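Peer 1: Enclosed is the structure file input_15.cif (mmCIF, C-alpha atoms).
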```
data_final
loop_
_atom_site.group_PDB
_atom_site.id
_atom_site.type_symbol
_atom_site.label_atom_id
_atom_site.label_comp_id
_atom_site.auth_asym_id
_atom_site.auth_seq_id
_atom_site.Cartn_x
_atom_site.Cartn_y
_atom_site.Cartn_z
ATOM 1 C CA MET A 191 -5.295 17.359 45.681
ATOM 2 C CA LYS A 192 -5.117 17.810 41.923
ATOM 3 C CA GLN A 193 -5.095 14.557 39.924
ATOM 4 C CA THR A 194 -1.967 13.873 37.889
ATOM 5 C CA TYR A 195 -1.653 11.786 34.731
ATOM 6 C CA ILE A 196 1.101 9.778 33.064
ATOM 7 C CA ALA A 197 0.725 9.114 29.339
ATOM 8 C CA TYR A 198 1.528 5.840 27.639
ATOM 9 C CA LEU A 199 1.868 5.820 23.849
ATOM 10 C CA ARG A 200 2.633 2.811 21.693
ATOM 11 C CA GLN A 201 3.723 2.315 18.102
ATOM 12 C CA SER A 202 4.033 -1.064 16.469
ATOM 13 C CA THR A 203 7.114 -0.774 14.236
ATOM 14 C CA GLN A 204 10.542 0.793 13.891
ATOM 15 C CA LYS A 205 9.240 2.494 10.734
ATOM 16 C CA GLN A 206 6.620 4.265 12.801
ATOM 17 C CA GLU A 207 9.331 5.226 15.282
ATOM 18 C CA ILE A 208 11.290 6.951 12.506
ATOM 19 C CA SER A 209 8.305 8.710 10.953
ATOM 20 C CA GLY A 210 6.450 9.432 14.197
ATOM 21 C CA LEU A 211 3.349 7.955 12.591
ATOM 22 C CA GLY A 212 0.556 7.604 15.103
ATOM 23 C CA ILE A 213 2.339 9.127 18.093
ATOM 24 C CA GLU A 214 1.248 12.720 17.431
ATOM 25 C CA ALA A 215 -2.317 11.540 16.901
ATOM 26 C CA GLN A 216 -2.258 9.782 20.283
ATOM 27 C CA ARG A 217 -0.821 12.898 21.947
ATOM 28 C CA GLU A 218 -3.585 15.009 20.413
ATOM 29 C CA ILE A 219 -6.284 12.624 21.684
ATOM 30 C CA ILE A 220 -4.827 12.766 25.198
ATOM 31 C CA ARG A 221 -4.490 16.577 25.078
ATOM 32 C CA ASN A 222 -8.118 16.939 24.008
ATOM 33 C CA TYR A 223 -9.241 14.646 26.819
ATOM 34 C CA LEU A 224 -7.243 16.427 29.549
ATOM 35 C CA LYS A 225 -8.031 19.922 28.186
ATOM 36 C CA ASP A 226 -6.254 22.396 30.520
ATOM 37 C CA ARG A 227 -4.529 19.617 32.489
ATOM 38 C CA LYS A 228 -1.132 18.236 31.508
ATOM 39 C CA THR A 229 0.658 14.938 31.896
ATOM 40 C CA VAL A 230 3.596 14.820 34.297
ATOM 41 C CA ALA A 231 5.405 12.223 32.187
ATOM 42 C CA GLU A 232 5.153 10.415 28.871
ATOM 43 C CA TYR A 233 6.366 6.936 27.893
ATOM 44 C CA ILE A 234 6.625 5.759 24.291
ATOM 45 C CA GLU A 235 6.827 2.047 23.515
ATOM 46 C CA THR A 236 7.841 0.572 20.150
ATOM 47 C CA GLU A 237 6.439 -2.926 20.282
ATOM 48 C CA SER A 238 3.852 -5.177 18.670
ATOM 49 C CA GLY A 239 0.449 -5.173 20.352
ATOM 50 C CA LYS A 240 0.577 -8.965 20.538
ATOM 51 C CA LYS A 241 3.615 -8.989 22.826
ATOM 52 C CA SER A 242 3.242 -8.738 26.575
ATOM 53 C CA ASP A 243 6.781 -7.646 27.386
ATOM 54 C CA ARG A 244 6.540 -3.866 27.673
ATOM 55 C CA PRO A 245 9.456 -2.311 29.576
ATOM 56 C CA LYS A 246 8.214 1.255 29.011
ATOM 57 C CA LEU A 247 4.739 0.386 30.225
ATOM 58 C CA THR A 248 6.241 -1.230 33.314
ATOM 59 C CA GLU A 249 8.156 1.991 34.000
ATOM 60 C CA ALA A 250 5.022 4.068 33.466
ATOM 61 C CA LEU A 251 2.967 1.952 35.863
ATOM 62 C CA GLU A 252 5.721 2.077 38.478
ATOM 63 C CA LEU A 253 5.799 5.887 38.281
ATOM 64 C CA CYS A 254 2.001 5.958 38.584
ATOM 65 C CA ARG A 255 2.279 4.028 41.846
ATOM 66 C CA LYS A 256 4.992 6.313 43.223
ATOM 67 C CA THR A 257 3.179 9.540 42.302
ATOM 68 C CA ASN A 258 -0.381 8.255 42.755
ATOM 69 C CA SER A 259 -1.080 9.207 39.138
ATOM 70 C CA VAL A 260 -3.569 7.868 36.632
ATOM 71 C CA GLN A 261 -2.238 5.980 33.606
ATOM 72 C CA ILE A 262 -3.800 7.576 30.516
ATOM 73 C CA VAL A 263 -3.911 5.878 27.110
ATOM 74 C CA ALA A 264 -5.364 7.361 23.905
ATOM 75 C CA LYS A 265 -7.104 4.192 22.719
ATOM 76 C CA LEU A 266 -7.663 0.761 24.166
ATOM 77 C CA ASP A 267 -6.061 -0.996 21.178
ATOM 78 C CA ARG A 268 -2.874 1.027 21.788
ATOM 79 C CA LEU A 269 -2.454 -0.846 25.053
ATOM 80 C CA SER A 270 -2.738 -4.412 23.835
ATOM 81 C CA ARG A 271 -4.618 -6.902 21.707
ATOM 82 C CA ASN A 272 -3.650 -9.615 24.193
ATOM 83 C CA VAL A 273 -6.638 -10.143 26.477
ATOM 84 C CA ALA A 274 -4.658 -11.899 29.233
ATOM 85 C CA PHE A 275 -2.163 -9.039 29.367
ATOM 86 C CA THR A 276 -4.878 -6.367 29.357
ATOM 87 C CA SER A 277 -6.783 -8.197 32.085
ATOM 88 C CA LYS A 278 -3.680 -8.310 34.233
ATOM 89 C CA LEU A 279 -3.243 -4.559 33.864
ATOM 90 C CA LEU A 280 -6.866 -3.846 34.653
ATOM 91 C CA GLU A 281 -6.581 -5.909 37.825
ATOM 92 C CA SER A 282 -3.536 -3.958 39.003
ATOM 93 C CA ASP A 283 -3.650 -1.220 41.624
ATOM 94 C CA VAL A 284 -3.036 1.516 39.033
ATOM 95 C CA GLU A 285 -6.041 3.406 37.703
ATOM 96 C CA ILE A 286 -6.109 3.419 33.892
ATOM 97 C CA VAL A 287 -8.162 5.738 31.684
ATOM 98 C CA PHE A 288 -8.773 5.209 27.955
ATOM 99 C CA CYS A 289 -9.642 8.438 26.163
ATOM 100 C CA ASP A 290 -11.825 6.687 23.594
ATOM 101 C CA PHE A 291 -13.922 5.000 26.310
ATOM 102 C CA PRO A 292 -13.429 6.829 29.662
ATOM 103 C CA GLU A 293 -16.723 5.664 31.171
ATOM 104 C CA ALA A 294 -16.032 1.968 30.594
ATOM 105 C CA ASN A 295 -15.774 -0.232 33.663
ATOM 106 C CA LYS A 296 -13.432 -3.196 33.952
ATOM 107 C CA LEU A 297 -15.992 -5.690 32.647
ATOM 108 C CA VAL A 298 -16.582 -3.650 29.487
ATOM 109 C CA LEU A 299 -12.839 -3.251 28.954
ATOM 110 C CA HIS A 300 -12.369 -7.008 29.263
ATOM 111 C CA ILE A 301 -15.013 -7.535 26.581
ATOM 112 C CA ILE A 302 -13.499 -4.922 24.261
ATOM 113 C CA SER A 303 -9.991 -6.340 24.622
ATOM 114 C CA SER A 304 -11.365 -9.845 23.918
ATOM 115 C CA ILE A 305 -12.984 -8.604 20.706
ATOM 116 C CA ALA A 306 -9.760 -6.826 19.693
ATOM 117 C CA GLU A 307 -7.785 -10.029 20.231
ATOM 118 C CA TYR A 308 -10.372 -11.995 18.237
ATOM 119 C CA GLU A 309 -10.136 -9.544 15.316
ATOM 120 C CA ALA A 310 -6.325 -9.689 15.396
ATOM 121 C CA ASN A 311 -6.449 -13.491 15.243
ATOM 122 C CA LEU A 312 -8.908 -13.343 12.322
ATOM 123 C CA ILE A 313 -6.566 -11.071 10.365
ATOM 124 C CA SER A 314 -3.654 -13.415 11.058
ATOM 125 C CA GLN A 315 -5.680 -16.455 9.936
ATOM 126 C CA ARG A 316 -6.853 -14.758 6.742
ATOM 127 C CA THR A 317 -3.286 -13.769 5.874
ATOM 128 C CA LYS A 318 -2.054 -17.333 6.398
ATOM 129 C CA GLN A 319 -4.929 -18.769 4.332
ATOM 130 C CA SER A 320 -4.230 -16.304 1.524
ATOM 131 C CA LEU A 321 -0.538 -17.202 1.455
ATOM 132 C CA LYS A 322 -1.393 -20.908 1.556
ATOM 133 C CA ALA A 323 -3.779 -20.518 -1.405
ATOM 134 C CA LYS A 324 -1.148 -18.632 -3.416
ATOM 135 C CA LYS A 325 1.419 -21.314 -2.647
ATOM 136 C CA ALA A 326 -1.048 -24.013 -3.752
ATOM 137 C CA ARG A 327 -1.389 -22.224 -7.097
ATOM 138 C CA GLY A 328 2.348 -22.540 -7.590
ATOM 139 C CA MET A 329 3.280 -18.993 -6.665
ATOM 140 C CA LYS A 330 6.646 -18.734 -4.970
ATOM 141 C CA LEU A 331 6.454 -16.424 -1.993
ATOM 142 C CA GLY A 332 9.163 -14.177 -0.673
ATOM 143 C CA LYS A 333 11.520 -14.770 -3.599
ATOM 144 C CA PRO A 334 13.563 -11.916 -5.129
ATOM 145 C CA GLU A 335 12.651 -13.096 -8.635
ATOM 146 C CA ASN A 336 8.960 -12.596 -7.823
ATOM 147 C CA LEU A 337 9.664 -9.039 -6.822
ATOM 148 C CA MET A 338 11.625 -8.499 -10.019
ATOM 149 C CA ASN A 339 8.840 -10.041 -12.115
ATOM 150 C CA ASN A 340 6.248 -7.822 -10.455
ATOM 151 C CA TRP A 341 8.488 -4.815 -10.967
ATOM 152 C CA GLY A 342 8.970 -5.753 -14.614
ATOM 153 C CA ARG A 343 5.222 -6.152 -15.159
ATOM 154 C CA ALA A 344 4.576 -2.807 -13.479
ATOM 155 C CA ILE A 345 7.073 -1.099 -15.791
ATOM 156 C CA MET A 346 5.566 -2.788 -18.848
ATOM 157 C CA ASN A 347 2.037 -1.749 -17.850
ATOM 158 C CA SER A 348 3.219 1.784 -17.185
ATOM 159 C CA ASN A 349 4.940 1.953 -20.583
ATOM 160 C CA MET A 350 1.808 0.676 -22.340
ATOM 161 C CA THR A 351 -0.331 3.265 -20.556
ATOM 162 C CA ASN A 352 2.061 6.085 -21.424
ATOM 163 C CA HIS A 353 2.219 4.909 -25.045
ATOM 164 C CA GLN A 354 -1.573 4.930 -25.342
ATOM 165 C CA LYS A 355 -1.779 8.376 -23.752
ATOM 166 C CA ALA A 356 0.719 9.658 -26.304
ATOM 167 C CA LEU A 357 -1.309 8.151 -29.172
ATOM 168 C CA ASP A 358 -4.504 9.740 -27.865
ATOM 169 C CA ASN A 359 -2.961 13.164 -27.253
ATOM 170 C CA PRO A 360 -4.776 15.721 -29.488
ATOM 171 C CA ASN A 361 -1.599 17.758 -30.109
ATOM 172 C CA ASN A 362 0.166 14.648 -31.376
ATOM 173 C CA LYS A 363 -2.762 13.686 -33.579
ATOM 174 C CA ARG A 364 -2.846 17.141 -35.216
ATOM 175 C CA ALA A 365 0.901 17.112 -35.825
ATOM 176 C CA VAL A 366 0.810 13.597 -37.295
ATOM 177 C CA ALA A 367 -1.802 14.672 -39.865
ATOM 178 C CA LEU A 368 0.715 17.148 -41.291
ATOM 179 C CA LEU A 369 3.693 14.812 -40.842
ATOM 180 C CA LYS A 370 2.082 12.241 -43.132
ATOM 181 C CA SER A 371 2.321 14.640 -46.052
ATOM 182 C CA LEU A 372 5.794 15.857 -45.069
ATOM 183 C CA VAL A 373 7.064 12.281 -45.042
ATOM 184 C CA LYS A 374 5.795 11.813 -48.603
ATOM 185 C CA GLU A 375 7.699 14.949 -49.575
ATOM 186 C CA GLU A 376 10.825 13.346 -48.081
ATOM 187 C CA ARG A 377 11.512 16.250 -45.766
ATOM 188 C CA SER A 378 14.313 15.954 -43.214
ATOM 189 C CA LEU A 379 13.574 15.783 -39.487
ATOM 190 C CA SER A 380 14.811 19.329 -38.991
ATOM 191 C CA GLU A 381 12.640 20.604 -41.830
ATOM 192 C CA MET A 382 9.608 18.824 -40.438
ATOM 193 C CA ALA A 383 10.203 20.370 -37.011
ATOM 194 C CA ARG A 384 10.607 23.845 -38.520
ATOM 195 C CA ILE A 385 7.409 23.528 -40.592
ATOM 196 C CA LEU A 386 5.395 22.229 -37.625
ATOM 197 C CA ASN A 387 6.551 25.162 -35.492
ATOM 198 C CA SER A 388 5.887 27.720 -38.225
ATOM 199 C CA GLU A 389 2.354 26.381 -38.679
ATOM 200 C CA GLY A 390 1.640 26.720 -34.976
ATOM 201 C CA PHE A 391 1.732 23.028 -34.016
ATOM 202 C CA VAL A 392 2.967 22.137 -30.538
ATOM 203 C CA THR A 393 4.101 18.959 -28.773
ATOM 204 C CA ALA A 394 2.044 16.963 -26.279
ATOM 205 C CA MET A 395 3.533 19.207 -23.578
ATOM 206 C CA GLY A 396 2.603 22.378 -25.488
ATOM 207 C CA LYS A 397 6.172 23.226 -26.567
ATOM 208 C CA GLU A 398 7.936 23.702 -29.923
ATOM 209 C CA PHE A 399 9.057 20.674 -31.877
ATOM 210 C CA ARG A 400 12.652 19.522 -32.221
ATOM 211 C CA ALA A 401 13.983 16.993 -34.721
ATOM 212 C CA SER A 402 14.245 14.325 -32.012
ATOM 213 C CA GLN A 403 10.577 14.756 -31.085
ATOM 214 C CA VAL A 404 9.543 14.474 -34.721
ATOM 215 C CA SER A 405 11.505 11.223 -34.975
ATOM 216 C CA ILE A 406 9.667 9.855 -31.926
ATOM 217 C CA LEU A 407 6.271 10.699 -33.438
ATOM 218 C CA LEU A 408 7.160 9.059 -36.761
ATOM 219 C CA LYS A 409 8.100 5.843 -34.999
ATOM 220 C CA ARG A 410 5.173 5.955 -32.563
ATOM 221 C CA TYR A 411 2.600 6.297 -35.352
ATOM 222 C CA ASN A 412 4.453 3.940 -37.725
ATOM 223 C CA LEU A 413 5.143 6.622 -40.299
ATOM 224 C CA LYS A 414 7.999 6.001 -42.686
ATOM 225 C CA GLU A 415 11.129 8.031 -41.875
ATOM 226 C CA ASP A 416 13.626 8.276 -44.778
#
```
Take the structure I supplied and represent it as structure tokens, if you would.
Peer 2:
Amino acid sequence: MKQTYIAYLRQSTQKQEISGLGIEAQREIIRNYLKDRKTVAEYIETESGKKSDRPKLTEALELCRKTNSVQIVAKLDRLSRNVAFTSKLLESDVEIVFCDFPEANKLVLHIISSIAEYEANLISQRTKQSLKAKKARGMKLGKPENLMNNWGRAIMNSNMTNHQKALDNPNNKRAVALLKSLVKEERSLSEMARILNSEGFVTAMGKEFRASQVSILLKRYNLKED
């Protein structure tokens, strides 16, 4: 009798559910493992790996029992980072295959799940310690004003970077050399733009000058505009 398989795929967040992030990759891993064989059913769970309540997984396991199918999972960490939960599954009467470690026996899987849980706890502890350290330094966490301040600083830094790029632009530098003399001659903005264009000067974007662009250059390079 040909062996049948039921796929279980998990994503951690609603955002992943909307974007499909991770699900297609898991499907591809399972397809590559099964080759010419196909799954008879597929269950997708949207739940944190730390939680043990998995209604879709329960349904998948129940169907495995009814159809005598193998539960197939792309990666061990897709199943759970909770060692007690994983152990319970491995002790059930349903055969489970992990594509990333198909030859692993139950003892090895217990060890791997324990390490995964340990790493998850380490990440959680480091995050808490980092937040605690920031709070100790007087930083207010999770406040809208902090987000606004960060946004404001990002805009300011971006403006400074753009300003410096404009100052360093070779087209601007060449045009400014001529503008210095045109300012002394008390030319109008329109005249300056016309002369720049007639002499073959171009803007930072490689286009012809307009009066408004001349005005910007005069202010940017602190040239006097009469």
Peer 1: Measuring atom to atom with all atoms listed in the file, identify which of A:Asn359, A:Ser378, A:Thr236, A:Thr194 is nearest to A:Arg255.
Peer 2: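 Of the candidates, the smallest distance to A:Arg255 is held by A:Thr194.
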Peer 1: For A:Glu218, which residue among A:Leu312, A:Leu247, A:Val392, A:Cys289 is the nearest when counting all atoms listed in the file?
Peer 2: A:Cys289
Peer 1: Run the PyMOL selection byres ((chain A and resi 382) around 12) mentally over the shown coordinates, then write out the matched residues as JSON, numbers by chain, using the chain letters and numbers from the document.
Peer 2: {"A": [365, 366, 368, 369, 370, 371, 372, 373, 374, 375, 376, 377, 378, 379, 380, 381, 383, 384, 385, 386, 387, 388, 389, 391, 398, 399, 400, 401, 402, 403, 404, 405, 407, 408, 415]}
Peer 1: For each of A:Ile313, A:Met395, A:Ala367, A:Ala215, take the minimum atom-to-atom distance to A:Ala264, counting only C-alpha atoms, then give the residue where this is smallest.
Peer 2: A:Ala215
Peer 1: What does the PyMOL selection byres ((chain A and resi 284-287) around 8) select in this file, as a list in words?
Peer 2: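 Taken on the displayed file, the PyMOL selection byres ((chain A and resi 284-287) around 8) yields the residues Leu251, Cys254, Arg255, Ser259, Val260, Gln261, Ile262, Val263, Leu279, Leu280, Ser282, Asp283, Phe288, Cys289, Phe291 and Pro292 of chain A.
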Peer 1: In terms of the shortest atom-to-atom distance over all atoms listed in the file, which of A:Ala394, A:Leu321, A:Ala231, A:Leu413 is closest to A:Tyr198?
Peer 2: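 For A:Tyr198, the nearest of the candidates is A:Ala231.
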Peer 1: Have a look at atom CA of A:Glu235 and atom CA of A:Leu199 and let me know their distance in Å, one decimal.
Peer 2: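 We find that atom CA of A:Glu235 and atom CA of A:Leu199 lie 6.2 Å from each other.
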Peer 1: Suppose you want the space between atom CA of A:Ala250 and atom CA of A:Leu266; what is it in Å?
Peer 2: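 Atom CA of A:Ala250 sits 16.1 Å away from atom CA of A:Leu266.
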Peer 1: Could you state the separation of atom CA of A:Lys192 and atom CA of A:Lys246 in Å, given to one decimal place?
Peer 2: 24.9 Å
